[in-house]
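Colleague: A single structure is presented below for examination.
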Amino acid sequence: MAEQQLVLQALQQGGVIAYPTEAVYGLGCDPDNEAAVMALLAIKQRPVEKGLILIAANYSQLLPYVDDKAIPPEKRYQIFSSWPGHISWVLPASKTAPKWITGQFDSIAVRVSAHPVVQQLCSAYGKPLVSTSANLSGQPAITDKAELQQSLGDKLSAIMPGPLGGATQPSQIRDALSGNIVRS
């Protein structure tokens, strides 16, 4: 799969990529590369203070970013039984989670995706990716590959091929501690 190799190389070199998710195309990059995250935020015209979601193949990939011990035992079943899946959870951030990911918060939004392309990409890269909808801030999320190519293609290092997952809305975001829905 030569296309995946190009995408992985783009990630390693600090590039911003697009990839299919459950409902929309996502923009992603290496969450530990501050310059890559800032480039992604510039493409989206999104302020760093808002924070970003990390998407992963499994929970283990998220452990460096999450304060796992701060997740109450009674909340763990609800979180982990929803993954892999289409729900992002706001969890307490680890002390080492980059501020360019957490923004103004002491928490971090994370998701273990069930989308096979996301699973494959995060597994091959060996870590989570930043995941934000492929669009300018405030604009509708992109669900059409031709539109993605036309509106953002020249700003991206690579586009991971594959179909969208069939969900009709971007992932729900829930606060793990309060149970409140942050985005439905």
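In the structure tokens, the first chain shown is A, the next is B, and so on; residue numbers restart at 1 for each chain, and ligands run from 1 in the order shown.
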Can you pull out every residue within 7 Å of Tyr25 in chain A, counting only C-alpha atoms, but drop anything in the same chain fewer than 3 positions away, and send it as JSON, numbers by chain?

Modeller: {"A": [18, 19, 20, 21, 133, 134, 142, 143]}

Colleague: Produce a file of the selected residues containing C-alpha atoms, as a PDB file, in the first residue's frame.

Modeller:
```pdb
ATOM      1  CA  ALA A  18      -6.588  14.261   5.599  1.00  0.00           C
ATOM      2  CA  TYR A  19      -8.218  10.899   6.169  1.00  0.00           C
ATOM      3  CA  PRO A  20     -11.698   9.357   6.252  1.00  0.00           C
ATOM      4  CA  THR A  21     -13.396   8.942   9.624  1.00  0.00           C
ATOM      5  CA  SER A 133     -12.961  17.860  10.842  1.00  0.00           C
ATOM      6  CA  ALA A 134     -11.591  18.838   7.449  1.00  0.00           C
ATOM      7  CA  ILE A 142     -16.390  17.920   4.317  1.00  0.00           C
ATOM      8  CA  THR A 143     -17.890  14.579   3.312  1.00  0.00           C
TER       9      THR A 143
END
```

Colleague: Give me the residues near Ala124 in chain A as number ranges by chain, where near means some atom within 10 Å (using only C-alpha atoms) and where sequence neighbours in that chain fewer than 5 positions away do not count.

Modeller: A: 4-5, 8, 57, 118-119

Colleague: Identify, with DSSP run on backbone atoms, the residues in range 6-118 of chain A assigned to strand (DSSP E or B), and express the list as a VMD selection string.

Modeller: chain A and resid 17 to 20 25 to 28 53 to 56 66 87 to 93 107 to 112

Colleague: Would you pick out the contacts of Gly28 in chain A at 8 Å or less, using only C-alpha atoms, so that residues sharing its chain but fewer than 6 positions from it are not included, and give the list as a list in words?

Modeller: Val16, Ile17, Ala18, Tyr19, Leu40, Leu129, Val130, Ser131 and Thr132 of chain A

Colleague: Counting only C-alpha atoms, figure out which residue out of A:Ser88, A:Ser94, A:Thr168, A:Ser157 gets nearest to Ala36 in chain A.

Modeller: A:Ser157

Colleague: Quick one: pick out all helix (DSSP H, G or I) residues within range 28-88 of chain A from a backbone DSSP run and write them as an NGL selection string.

Modeller: :A and (34-44 or 48-50 or 59-62 or 68-70 or 73-81)

Colleague: Can you tell me which residues surround Ile53 in chain A at a distance of at most 12 Å, considering only C-alpha atoms, apart from same-chain residues fewer than 5 positions away, and format the answer as a ChimeraX atom specification?

Modeller: /A:26-31,37,48,62,65-66,87-91,93,100-103,107-113,128-133,170-174

Colleague: Since we have the selection now, will you write its residues out, keeping C-alpha atoms, as a compact mmCIF listing (two decimals), in the first residue's frame?

Modeller:
```txt
# COMPACT_ATOMS: atom_id res chain seq x y z
CA GLY A 26 -10.59 14.54 9.23
CA LEU A 27 -7.42 16.58 9.32
CA GLY A 28 -4.61 15.07 11.30
CA CYS A 29 -0.98 15.30 12.24
CA ASP A 30 1.46 14.06 14.85
CA PRO A 31 0.15 15.36 18.20
CA VAL A 37 -0.29 21.13 15.03
CA VAL A 48 -5.18 26.75 19.83
CA LEU A 62 -3.70 7.39 24.44
CA TYR A 65 -1.82 11.95 27.02
CA VAL A 66 -4.43 10.88 29.59
CA ILE A 87 -17.84 8.69 20.90
CA SER A 88 -15.01 11.00 21.94
CA TRP A 89 -14.52 11.37 25.69
CA VAL A 90 -13.08 14.36 27.51
CA LEU A 91 -10.71 12.83 30.06
CA ALA A 93 -5.04 15.19 30.68
CA TRP A 100 -1.09 22.78 21.87
CA ILE A 101 -3.45 19.77 22.07
CA THR A 102 -5.27 20.49 25.36
CA GLY A 103 -5.60 24.23 24.68
CA SER A 107 -8.53 17.75 30.02
CA ILE A 108 -8.14 16.12 26.64
CA ALA A 109 -10.69 14.79 24.14
CA VAL A 110 -9.85 11.30 22.89
CA ARG A 111 -11.46 8.53 20.85
CA VAL A 112 -10.62 4.96 19.93
CA SER A 113 -12.03 4.75 16.43
CA PRO A 128 -2.66 8.58 18.02
CA LEU A 129 -3.28 11.36 15.53
CA VAL A 130 -4.84 14.76 15.92
CA SER A 131 -8.39 14.52 14.61
CA THR A 132 -10.43 17.52 13.62
CA SER A 133 -12.96 17.86 10.84
CA PRO A 170 -19.18 13.83 13.62
CA SER A 171 -18.44 11.96 16.84
CA GLN A 172 -20.39 12.81 19.94
CA ILE A 173 -18.14 14.36 22.60
CA ARG A 174 -18.94 13.54 26.23
```

Colleague: Out of A:Pro163, A:Pro84, A:Leu148, A:Lys127, which residue has the shortest atom-to-atom distance to Gln12 in chain A when counting only C-alpha atoms?

Modeller: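 The closest residue to Gln12 in chain A is A:Lys127.
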